[in-house]
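Next comes model-v6.txt, with compact mmCIF, C-alpha atoms and all ligand atoms.
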```
# COMPACT_ATOMS: atom_id res chain seq x y z
CA MET A 1 -15.85 -12.27 -12.77
CA SER A 2 -15.46 -10.82 -9.29
CA MET A 3 -13.59 -13.02 -6.84
CA SER A 4 -15.74 -12.36 -3.79
CA PRO A 5 -17.47 -9.31 -2.31
CA LEU A 6 -15.01 -9.16 0.61
CA ILE A 7 -11.98 -9.25 -1.68
CA ASP A 8 -13.54 -6.69 -4.02
CA GLU A 9 -14.12 -4.43 -1.01
CA LEU A 10 -10.52 -4.87 0.12
CA VAL A 11 -9.14 -4.11 -3.34
CA ALA A 12 -11.30 -0.97 -3.57
CA ALA A 13 -10.15 0.10 -0.09
CA PHE A 14 -6.46 -0.27 -0.98
CA ARG A 15 -6.97 2.20 -3.81
CA CYS A 16 -7.27 5.01 -1.26
CA LEU A 17 -3.49 4.78 -0.86
CA PRO A 18 -1.32 7.18 -2.89
CA GLY A 19 0.13 5.59 -6.03
CA VAL A 20 -1.95 2.41 -5.72
CA GLY A 21 -4.08 1.55 -8.78
CA GLN A 22 -6.32 -1.43 -9.45
CA LYS A 23 -3.47 -3.79 -10.29
CA SER A 24 -1.34 -3.01 -7.21
CA ALA A 25 -4.41 -3.07 -4.99
CA LEU A 26 -5.32 -6.56 -6.18
CA ARG A 27 -1.73 -7.67 -5.73
CA MET A 28 -1.67 -6.34 -2.15
CA ALA A 29 -4.99 -7.98 -1.25
CA LEU A 30 -4.01 -11.39 -2.62
CA TYR A 31 -0.52 -11.19 -1.18
CA LEU A 32 -1.90 -10.69 2.33
CA LEU A 33 -4.55 -13.39 1.93
CA GLU A 34 -2.07 -15.88 0.49
CA ARG A 35 0.99 -15.20 2.57
CA ASP A 36 0.56 -12.81 5.47
CA ARG A 37 -2.82 -12.73 7.18
CA GLU A 38 -1.13 -11.88 10.45
CA GLY A 39 0.46 -8.82 8.80
CA GLY A 40 -2.92 -7.83 7.35
CA THR A 41 -4.58 -8.09 10.75
CA LYS A 42 -1.82 -6.01 12.35
CA LEU A 43 -2.18 -3.39 9.63
CA SER A 44 -5.93 -3.27 10.24
CA GLY A 45 -5.41 -2.64 13.96
CA ALA A 46 -2.67 -0.05 13.45
CA LEU A 47 -4.82 1.80 10.92
CA SER A 48 -7.90 1.93 13.06
CA ARG A 49 -5.95 3.10 16.12
CA ALA A 50 -4.03 5.75 14.17
CA MET A 51 -7.07 7.13 12.30
CA VAL A 52 -8.94 7.60 15.58
CA ASP A 53 -6.25 8.48 18.11
CA VAL A 54 -3.67 10.52 16.20
CA LYS A 55 -4.48 14.16 16.87
CA ARG A 56 -2.37 17.28 16.72
CA CYS A 57 0.34 18.59 19.04
CA GLN A 58 -0.98 21.42 21.21
CA GLN A 59 2.15 23.41 20.48
CA CYS A 60 3.44 22.76 16.95
CA GLN A 61 0.31 21.22 15.35
CA THR A 62 2.07 18.10 14.03
CA PHE A 63 0.56 14.65 14.42
CA THR A 64 0.77 12.96 17.78
CA GLU A 65 -1.51 11.00 20.07
CA ALA A 66 -0.10 12.85 23.13
CA GLU A 67 -0.72 16.44 24.18
CA LEU A 68 2.77 17.41 23.01
CA CYS A 69 4.72 15.65 20.27
CA GLY A 70 8.11 14.07 21.00
CA ILE A 71 9.99 17.09 19.66
CA CYS A 72 8.07 19.74 21.61
CA ALA A 73 8.33 17.61 24.75
CA SER A 74 12.09 17.07 24.38
CA ASP A 75 14.49 19.19 26.44
CA ARG A 76 17.23 18.64 23.84
CA ARG A 77 15.46 20.71 21.19
CA ASP A 78 15.91 24.50 21.05
CA PRO A 79 12.52 26.20 21.43
CA LYS A 80 14.01 29.55 20.33
CA THR A 81 14.53 28.32 16.76
CA VAL A 82 11.29 27.41 14.99
CA CYS A 83 11.10 25.88 11.53
CA VAL A 84 7.77 26.44 9.78
CA VAL A 85 6.72 23.62 7.44
CA GLU A 86 3.54 22.82 5.57
CA THR A 87 3.05 19.18 6.56
CA PRO A 88 4.24 16.43 8.91
CA SER A 89 5.87 14.82 5.82
CA ASP A 90 8.04 17.93 5.48
CA LEU A 91 8.90 17.81 9.19
CA GLN A 92 9.83 14.17 8.79
CA ALA A 93 12.04 14.89 5.77
CA ILE A 94 14.00 17.46 7.79
CA GLU A 95 14.25 15.15 10.81
CA GLN A 96 15.70 12.41 8.62
CA MET A 97 18.55 14.76 7.72
CA GLY A 98 19.47 14.50 11.42
CA LEU A 99 21.12 17.95 11.72
CA TYR A 100 18.37 20.24 12.94
CA GLU A 101 18.14 20.84 16.68
CA GLY A 102 15.37 23.42 16.82
CA THR A 103 11.61 22.93 16.95
CA TYR A 104 8.82 23.14 14.36
CA PHE A 105 5.52 24.69 13.55
CA VAL A 106 3.39 22.64 11.15
CA LEU A 107 0.83 24.65 9.19
CA MET A 108 -0.98 21.55 7.87
CA GLY A 109 -1.26 23.28 4.52
CA HIS A 110 -0.67 26.73 3.09
CA LEU A 111 -2.69 29.88 2.49
CA SER A 112 -5.12 29.30 -0.35
CA PRO A 113 -7.88 31.91 -0.56
CA LEU A 114 -9.61 30.01 -3.36
CA GLU A 115 -10.00 26.97 -1.14
CA GLY A 116 -11.04 29.08 1.84
CA ILE A 117 -7.77 28.45 3.69
CA GLY A 118 -6.84 31.64 5.50
CA PRO A 119 -4.48 32.48 8.40
CA GLU A 120 -6.83 30.99 10.98
CA GLU A 121 -6.96 27.58 9.23
CA ILE A 122 -3.17 27.24 9.27
CA GLY A 123 -2.86 28.39 12.90
CA ILE A 124 -1.08 31.74 12.50
CA ASP A 125 -2.48 33.00 15.83
CA ARG A 126 -1.12 29.99 17.65
CA PHE A 127 2.20 30.43 15.85
CA CYS A 128 2.55 34.08 16.94
CA LYS A 129 1.73 33.16 20.55
CA LEU A 130 4.32 30.38 20.39
CA ILE A 131 7.20 32.54 19.17
CA ASP A 132 6.37 35.21 21.77
CA LYS A 133 6.11 32.72 24.61
CA ASN A 134 9.39 31.01 23.66
CA GLU A 135 11.16 34.30 22.90
CA CYS A 136 12.22 32.94 19.54
CA THR A 137 15.37 34.27 17.93
CA GLU A 138 15.04 32.59 14.53
CA VAL A 139 12.13 31.53 12.37
CA ILE A 140 13.09 29.33 9.43
CA LEU A 141 10.51 29.55 6.66
CA ALA A 142 10.51 26.07 5.12
CA THR A 143 7.24 26.16 3.22
CA ASN A 144 7.43 24.62 -0.25
CA PRO A 145 8.94 26.68 -3.13
CA THR A 146 5.55 26.79 -4.90
CA VAL A 147 3.37 29.84 -5.50
CA GLU A 148 1.24 29.10 -2.43
CA GLY A 149 4.23 28.19 -0.28
CA GLU A 150 6.02 31.44 -1.18
CA ALA A 151 2.88 33.48 -0.49
CA THR A 152 2.51 31.77 2.88
CA ALA A 153 6.17 32.49 3.72
CA HIS A 154 5.70 36.17 2.87
CA PHE A 155 2.55 36.35 4.98
CA ILE A 156 4.32 34.86 7.99
CA ALA A 157 7.34 37.13 7.42
CA ASP A 158 5.00 40.14 7.60
CA MET A 159 3.52 38.90 10.87
CA VAL A 160 6.96 38.34 12.40
CA LYS A 161 8.99 41.30 11.18
CA SER A 162 7.83 43.71 13.93
CA ARG A 163 9.47 41.32 16.40
CA ASN A 164 13.20 41.02 17.03
CA VAL A 165 13.51 37.70 15.22
CA LEU A 166 15.87 36.58 12.45
CA LEU A 167 13.83 35.32 9.50
CA THR A 168 15.47 32.81 7.19
CA ARG A 169 14.34 30.84 4.17
CA LEU A 170 15.81 27.52 3.03
CA ALA A 171 18.40 27.98 0.28
CA HIS A 172 17.72 27.18 -3.31
CA GLY A 173 18.42 23.55 -3.86
CA ILE A 174 14.90 22.27 -3.54
CA PRO A 175 13.54 22.09 -7.11
CA VAL A 176 11.11 24.91 -7.79
CA GLY A 177 7.56 23.60 -7.99
CA GLY A 178 8.59 20.46 -6.11
CA GLU A 179 7.54 19.30 -2.70
CA LEU A 180 9.89 19.17 0.25
CA GLY A 181 8.55 15.84 1.45
CA TYR A 182 9.73 14.12 -1.71
CA SER A 183 13.27 15.60 -1.79
CA ASP A 184 16.28 13.45 -1.04
CA GLY A 185 18.29 13.94 2.13
CA SER A 186 21.30 15.65 0.59
CA THR A 187 19.20 18.23 -1.26
CA ILE A 188 17.39 19.03 1.96
CA SER A 189 20.65 19.14 3.85
CA HIS A 190 22.18 21.65 1.38
CA ALA A 191 19.05 23.74 1.42
CA PHE A 192 19.08 23.77 5.19
CA GLN A 193 22.70 24.73 5.65
CA GLY A 194 22.49 27.45 2.98
CA ARG A 195 19.41 29.07 4.48
CA ARG A 196 19.51 32.87 4.20
CA PRO A 197 17.75 35.91 5.67
CA PHE A 198 14.24 36.36 4.31
CA ALA A 199 13.53 39.91 3.21
CA MET B 1 13.18 11.48 16.08
CA SER B 2 10.12 9.24 15.95
CA MET B 3 6.86 11.05 15.23
CA SER B 4 4.66 9.11 17.62
CA PRO B 5 4.37 5.46 18.69
CA LEU B 6 1.05 5.06 16.84
CA ILE B 7 2.44 6.47 13.60
CA ASP B 8 5.60 4.37 13.94
CA GLU B 9 3.41 1.31 14.40
CA LEU B 10 1.35 2.19 11.32
CA VAL B 11 4.47 2.76 9.19
CA ALA B 12 5.90 -0.60 10.31
CA ALA B 13 2.58 -2.29 9.55
CA PHE B 14 2.43 -0.88 6.00
CA ARG B 15 5.77 -2.51 5.30
CA CYS B 16 4.08 -5.92 5.27
CA LEU B 17 2.72 -4.98 1.82
CA PRO B 18 4.64 -6.17 -1.26
CA GLY B 19 6.91 -3.49 -2.74
CA VAL B 20 6.41 -1.08 0.16
CA GLY B 21 9.61 0.10 1.86
CA GLN B 22 10.15 2.58 4.69
CA LYS B 23 9.71 5.67 2.52
CA SER B 24 6.46 4.54 0.82
CA ALA B 25 5.10 3.30 4.14
CA LEU B 26 5.67 6.70 5.75
CA ARG B 27 4.12 8.42 2.77
CA MET B 28 1.03 6.19 2.98
CA ALA B 29 0.61 6.72 6.72
CA LEU B 30 0.91 10.50 6.50
CA TYR B 31 -1.27 10.70 3.42
CA LEU B 32 -4.13 8.95 5.19
CA LEU B 33 -3.70 10.97 8.37
CA GLU B 34 -3.50 14.26 6.47
CA ARG B 35 -6.06 13.74 3.76
CA ASP B 36 -8.17 10.61 4.02
CA ARG B 37 -8.94 9.30 7.49
CA GLU B 38 -12.25 7.96 6.24
CA GLY B 39 -10.40 5.93 3.58
CA GLY B 40 -7.99 4.66 6.25
CA THR B 41 -10.85 3.58 8.49
CA LYS B 42 -12.56 1.80 5.59
CA LEU B 43 -9.32 0.03 4.72
CA SER B 44 -8.96 -1.09 8.33
CA GLY B 45 -12.45 -2.60 8.32
CA ALA B 46 -12.06 -4.26 4.92
CA LEU B 47 -8.72 -5.76 5.99
CA SER B 48 -9.98 -7.17 9.25
CA ARG B 49 -13.08 -8.69 7.63
CA ALA B 50 -11.11 -10.19 4.73
CA MET B 51 -8.30 -11.63 6.88
CA VAL B 52 -10.84 -13.42 9.11
CA ASP B 53 -13.69 -14.35 6.76
CA VAL B 54 -12.06 -15.14 3.42
CA LYS B 55 -11.67 -18.90 3.29
CA ARG B 56 -11.36 -21.32 0.39
CA CYS B 57 -13.91 -22.58 -2.10
CA GLN B 58 -15.00 -26.14 -1.26
CA GLN B 59 -14.64 -27.10 -4.90
CA CYS B 60 -11.77 -25.20 -6.57
CA GLN B 61 -9.84 -24.03 -3.47
CA THR B 62 -9.72 -20.36 -4.50
CA PHE B 63 -10.49 -17.57 -2.04
CA THR B 64 -14.09 -16.87 -1.16
CA GLU B 65 -16.15 -16.21 1.95
CA ALA B 66 -18.94 -18.47 0.63
CA GLU B 67 -18.99 -22.26 0.42
CA LEU B 68 -18.53 -22.06 -3.37
CA CYS B 69 -16.81 -19.22 -5.23
CA GLY B 70 -18.70 -17.21 -7.85
CA ILE B 71 -17.18 -19.23 -10.69
CA CYS B 72 -17.96 -22.66 -9.25
CA ALA B 73 -21.48 -21.50 -8.36
CA SER B 74 -22.17 -20.05 -11.82
CA ASP B 75 -24.21 -22.07 -14.32
CA ARG B 76 -22.56 -20.21 -17.20
CA ARG B 77 -19.16 -21.82 -16.60
CA ASP B 78 -18.30 -25.21 -18.09
CA PRO B 79 -17.46 -27.68 -15.29
CA LYS B 80 -16.02 -30.16 -17.81
CA THR B 81 -13.05 -27.89 -18.59
CA VAL B 82 -10.79 -27.27 -15.60
CA CYS B 83 -7.82 -24.92 -15.63
CA VAL B 84 -5.23 -25.69 -12.94
CA VAL B 85 -3.39 -22.63 -11.59
CA GLU B 86 -1.03 -22.06 -8.71
CA THR B 87 -2.67 -19.06 -7.05
CA PRO B 88 -5.78 -16.87 -6.99
CA SER B 89 -3.64 -14.15 -8.63
CA ASP B 90 -3.14 -16.47 -11.61
CA LEU B 91 -6.87 -17.21 -11.73
CA GLN B 92 -7.55 -13.48 -11.67
CA ALA B 93 -5.07 -12.83 -14.51
CA ILE B 94 -6.89 -15.37 -16.69
CA GLU B 95 -10.31 -13.98 -15.76
CA GLN B 96 -9.18 -10.49 -16.76
CA MET B 97 -8.52 -11.81 -20.26
CA GLY B 98 -12.30 -12.42 -20.39
CA LEU B 99 -12.22 -15.34 -22.85
CA TYR B 100 -12.18 -18.43 -20.67
CA GLU B 101 -15.51 -20.07 -19.95
CA GLY B 102 -14.41 -23.15 -18.03
CA THR B 103 -13.73 -23.55 -14.33
CA TYR B 104 -10.55 -23.67 -12.21
CA PHE B 105 -8.63 -25.61 -9.67
CA VAL B 106 -6.31 -23.50 -7.52
CA LEU B 107 -3.38 -25.38 -6.01
CA MET B 108 -2.39 -22.53 -3.67
CA GLY B 109 1.24 -23.27 -4.49
CA HIS B 110 3.20 -25.95 -6.25
CA LEU B 111 4.96 -29.17 -5.34
CA SER B 112 8.11 -28.39 -3.38
CA PRO B 113 9.57 -31.40 -1.55
CA LEU B 114 12.23 -29.24 0.12
CA GLU B 115 9.53 -27.10 1.73
CA GLY B 116 7.44 -30.14 2.66
CA ILE B 117 4.76 -29.33 0.06
CA GLY B 118 3.54 -32.61 -1.38
CA PRO B 119 0.41 -33.68 -3.32
CA GLU B 120 -1.76 -33.54 -0.23
CA GLU B 121 -0.85 -29.90 0.52
CA ILE B 122 -1.89 -28.73 -2.95
CA GLY B 123 -5.13 -30.76 -2.91
CA ILE B 124 -4.45 -33.38 -5.59
CA ASP B 125 -6.96 -35.82 -4.03
CA ARG B 126 -9.69 -33.20 -4.15
CA PHE B 127 -8.70 -32.37 -7.73
CA CYS B 128 -9.01 -36.00 -8.87
CA LYS B 129 -12.41 -36.35 -7.21
CA LEU B 130 -13.53 -33.13 -8.91
CA ILE B 131 -12.59 -34.16 -12.43
CA ASP B 132 -14.23 -37.56 -11.93
CA LYS B 133 -17.41 -36.08 -10.49
CA ASN B 134 -17.70 -33.50 -13.29
CA GLU B 135 -16.68 -35.96 -15.99
CA CYS B 136 -14.06 -33.50 -17.21
CA THR B 137 -13.04 -33.60 -20.84
CA GLU B 138 -10.12 -31.15 -20.67
CA VAL B 139 -7.60 -30.20 -18.01
CA ILE B 140 -5.55 -27.11 -18.82
CA LEU B 141 -2.26 -27.11 -16.94
CA ALA B 142 -1.57 -23.44 -16.26
CA THR B 143 1.03 -23.72 -13.54
CA ASN B 144 3.91 -21.26 -13.90
CA PRO B 145 6.70 -22.04 -16.41
CA THR B 146 9.22 -22.42 -13.57
CA VAL B 147 11.02 -25.58 -12.46
CA GLU B 148 8.46 -26.21 -9.70
CA GLY B 149 5.52 -25.30 -11.91
CA GLU B 150 6.66 -27.69 -14.64
CA ALA B 151 7.23 -30.48 -12.12
CA THR B 152 3.75 -29.92 -10.71
CA ALA B 153 2.22 -29.99 -14.21
CA HIS B 154 3.98 -33.31 -14.93
CA PHE B 155 2.81 -34.77 -11.64
CA ILE B 156 -0.81 -33.83 -12.35
CA ALA B 157 -0.51 -35.14 -15.93
CA ASP B 158 0.59 -38.50 -14.54
CA MET B 159 -2.42 -38.60 -12.21
CA VAL B 160 -4.84 -37.74 -15.02
CA LYS B 161 -3.51 -39.72 -17.96
CA SER B 162 -5.29 -43.00 -17.08
CA ARG B 163 -8.57 -41.08 -17.51
CA ASN B 164 -10.14 -40.14 -20.81
CA VAL B 165 -9.26 -36.46 -20.50
CA LEU B 166 -7.48 -34.11 -22.91
CA LEU B 167 -4.47 -32.57 -21.16
CA THR B 168 -3.25 -29.22 -22.45
CA ARG B 169 -0.56 -26.79 -21.36
CA LEU B 170 -0.59 -23.04 -22.02
CA ALA B 171 1.48 -22.16 -25.10
CA HIS B 172 4.85 -20.55 -24.89
CA GLY B 173 4.41 -16.85 -24.64
CA ILE B 174 4.70 -16.51 -20.91
CA PRO B 175 8.35 -15.68 -20.21
CA VAL B 176 10.20 -18.67 -18.79
CA GLY B 177 10.95 -18.16 -15.11
CA GLY B 178 8.24 -15.50 -14.90
CA GLU B 179 5.01 -15.58 -12.96
CA LEU B 180 1.62 -15.76 -14.63
CA GLY B 181 0.07 -13.27 -12.24
CA TYR B 182 2.40 -10.52 -13.45
CA SER B 183 1.96 -11.11 -17.20
CA ASP B 184 0.00 -8.65 -19.32
CA GLY B 185 -3.37 -9.57 -20.77
CA SER B 186 -2.26 -10.07 -24.36
CA THR B 187 0.58 -12.42 -23.42
CA ILE B 188 -1.84 -14.48 -21.36
CA SER B 189 -4.39 -14.39 -24.14
CA HIS B 190 -1.87 -15.69 -26.72
CA ALA B 191 -0.67 -18.37 -24.35
CA PHE B 192 -4.23 -19.44 -23.70
CA GLN B 193 -5.35 -19.67 -27.29
CA GLY B 194 -2.18 -21.48 -28.34
CA ARG B 195 -2.47 -24.12 -25.64
CA ARG B 196 -1.39 -27.56 -26.85
CA PRO B 197 -1.67 -31.21 -25.77
CA PHE B 198 0.56 -32.01 -22.82
CA ALA B 199 2.56 -35.19 -23.33
ZN ZN C 201 4.87 19.50 18.82
ZN ZN C 202 -14.59 -22.37 -6.65
```

Would it be possible to restate this file's structure as structure tokens?
Ligand SMILES: [Zn+2]
Ligand SMILES: [Zn+2]
Amino acid sequence: MSMSPLIDELVAAFRCLPGVGQKSALRMALYLLERDREGGTKLSGALSRAMVDVKRCQQCQTFTEAELCGICASDRRDPKTVCVVETPSDLQAIEQMGLYEGTYFVLMGHLSPLEGIGPEEIGIDRFCKLIDKNECTEVILATNPTVEGEATAHFIADMVKSRNVLLTRLAHGIPVGGELGYSDGSTISHAFQGRRPFA
Amino acid sequence: MSMSPLIDELVAAFRCLPGVGQKSALRMALYLLERDREGGTKLSGALSRAMVDVKRCQQCQTFTEAELCGICASDRRDPKTVCVVETPSDLQAIEQMGLYEGTYFVLMGHLSPLEGIGPEEIGIDRFCKLIDKNECTEVILATNPTVEGEATAHFIADMVKSRNVLLTRLAHGIPVGGELGYSDGSTISHAFQGRRPFA
């Protein structure tokens, strides 16, 4: 028998989270009701603010509520080195390594003709303007080592190669078919330091 | 480098959930922002409504936004058989078995003198009035098989034994030291069917 419409609704809503099935969702709902209503209320507020106010950086396309994200706005990051990643999770995985001092460009996806995702959808125009404006000297292609990620890297390489820019690709080390955002720090660190020219 | 204050706040807020550490919290926040803002907004609404409006059943003390929960309000449940559990999670675990046709009393905890939780805090007065009013014939003691759960079961047994009520305890089957809410359905089902008089 259902506990109550409000609890049923909450359990169903928790299932939108990745990796959360019926059993975990119920556990989360009851945990908050039993032991941490203040935490639940805070989570509600944080969610509603983030879903509405988090937009995309005018320069690198990552998530931020400001016009420029913290990295683009920082004067300690090198705007001449740009690392191209598929998602903010990938950006975050590289940041957690703590070694990279350049900037980013976040495609928010990869080329996927079947899904109607072409160069415009991933912001290639904006990317080309950015590397010209900043007189970039290196573009690090850090798209995922999947079929789509490789195709996207090749497409960007073609766009960039007429310019006087060193193109590099992260070294092998990231498991093929895997996703950057789920790699551990030392794998990412190895891959980063062993990056090589992209032909 | 932090992504944005709003995202940081959301990641911190997700960590109030059981079993969610920094890495899962970040993954949840980015997943919603990247792929399911509508789901995130729904979750925010469901959370805020549940945290404010879910109160406790006037009869059995479980969670509900109504005066009586669905079980207490149902005329297909036997009010003369009352199963005493520690939490709504425990109640839910028994309901999922789908065999029990009686009603419940939810202590919302167990006796714990060190934490200042005495009979009044777990609603023993209300419980005694309930079994008298409903002329109960059986009380099933389904508190957890932990030290505190056993002590609570014995305390309730002492309160009830002057009345003409059969006292039973769930059979062994639930791992000692474990929690009912995390047991699988068949363990709970065995324990339920093998319940025996509580001396
Ligand atoms: Zn930016
Ligand atoms: Zn009730």

- Counting all atoms listed in the file, what is within 12 Å of Phe127 in chain B, bar same-chain residues fewer than 5 positions away, as a ChimeraX atom specification? /B:58-61,82-85,104-107,119-122,132-134,136,139,156-157,159-160

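For the choices B:Ser44, B:Ser89, B:Thr103, B:Gln96, the atom-to-atom distance to ligand ZN 202 (chain C) is smallest for B:Thr103 when using all atoms listed in the file.
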
Please check the contacts: residues of chain A at most 6 Å away from chain B, using only C-alpha atoms, listed as a PDB file with C-alpha atoms, in the coordinates of the input.
```pdb
ATOM      1  CA  SER A   4     -15.740 -12.360  -3.790  1.00  0.00           C
ATOM      2  CA  LEU A   6     -15.010  -9.160   0.610  1.00  0.00           C
ATOM      3  CA  LEU A  10     -10.520  -4.870   0.120  1.00  0.00           C
ATOM      4  CA  ALA A  13     -10.150   0.100  -0.090  1.00  0.00           C
ATOM      5  CA  CYS A  16      -7.270   5.010  -1.260  1.00  0.00           C
ATOM      6  CA  ARG A  37      -2.820 -12.730   7.180  1.00  0.00           C
ATOM      7  CA  GLY A  39       0.460  -8.820   8.800  1.00  0.00           C
ATOM      8  CA  THR A  41      -4.580  -8.090  10.750  1.00  0.00           C
ATOM      9  CA  LEU A  43      -2.180  -3.390   9.630  1.00  0.00           C
ATOM     10  CA  SER A  44      -5.930  -3.270  10.240  1.00  0.00           C
ATOM     11  CA  ALA A  46      -2.670  -0.050  13.450  1.00  0.00           C
ATOM     12  CA  LEU A  47      -4.820   1.800  10.920  1.00  0.00           C
ATOM     13  CA  SER A  48      -7.900   1.930  13.060  1.00  0.00           C
ATOM     14  CA  ALA A  50      -4.030   5.750  14.170  1.00  0.00           C
ATOM     15  CA  MET A  51      -7.070   7.130  12.300  1.00  0.00           C
ATOM     16  CA  THR A  64       0.770  12.960  17.780  1.00  0.00           C
TER      17      THR A  64
END
```

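Taking CA of Gly194 in chain B and CA of Ala171 in chain B as endpoints, the distance between them is 4.9 Å.
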
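Of the residues listed (A:Met97, A:Ile140, A:Val147, A:Leu130), A:Leu130 shows the shortest atom-to-atom separation from ligand ZN 201 (chain C); distances use all atoms listed in the file.
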
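If you measure from each of A:Arg56, A:Arg169, A:His154, A:Arg163 to His110 in chain A using all atoms listed in the file, the closest one turns out to be A:His154.
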
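Of the residues under consideration (B:Leu170, B:Ala25, B:Leu111, B:Leu180), B:Leu170 shows the shortest atom-to-atom contact distance to Gln193 in chain B when counting all atoms listed in the file.
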
- Task: Please provide the set of residues having any atom within 12 Å of Gly178 in chain A, restricted to all atoms listed in the file, with same-chain residues fewer than 4 positions apart removed, written as a ChimeraX atom specification.
- Result: /A:90,143-149,172-174,182-184,187

May I have the selected residues written with C-alpha atoms, as a compact mmCIF listing (two decimals), in the frame of the given file?
```txt
# COMPACT_ATOMS: atom_id res chain seq x y z
CA ASP A 90 8.04 17.93 5.48
CA THR A 143 7.24 26.16 3.22
CA ASN A 144 7.43 24.62 -0.25
CA PRO A 145 8.94 26.68 -3.13
CA THR A 146 5.55 26.79 -4.90
CA VAL A 147 3.37 29.84 -5.50
CA GLU A 148 1.24 29.10 -2.43
CA GLY A 149 4.23 28.19 -0.28
CA HIS A 172 17.72 27.18 -3.31
CA GLY A 173 18.42 23.55 -3.86
CA ILE A 174 14.90 22.27 -3.54
CA TYR A 182 9.73 14.12 -1.71
CA SER A 183 13.27 15.60 -1.79
CA ASP A 184 16.28 13.45 -1.04
CA THR A 187 19.20 18.23 -1.26
```

- Between A:Lys161, A:Lys129, A:Arg195, A:Arg77, which has the minimum distance to ligand ZN 201 (chain C) (counting only C-alpha atoms and all ligand atoms)? A:Arg77

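Minimum atom-to-atom distance to ligand ZN 202 (chain C), evaluated using all atoms listed in the file, belongs to B:Ala73 out of B:Leu141, B:Ile117, B:Ile131, B:Ala73.
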
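CA of Phe155 in chain A is positioned 25.0 Å from CA of Ser189 in chain A.
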
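Coordinates place CA of Thr168 in chain A at a distance of 5.0 Å from CA of Arg196 in chain A.
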
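All polymer residues at most 7 Å from (-7.3, -32.5, -24.2), using all atoms listed in the file, appear as Thr137, Glu138, Val139, Val165, Leu166, Leu167, Thr168 and Pro197 of chain B.
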
Could the centre and edge lengths of an axis-aligned box, enclosing all atoms of range 6-19 of chain A in the file with 6 Å extra on each side, be given in Å to one decimal as JSON?
```
{"center_x": -7.4, "center_y": -1.0, "center_z": -2.7, "size_x": 27.1, "size_y": 28.4, "size_z": 18.6}
```
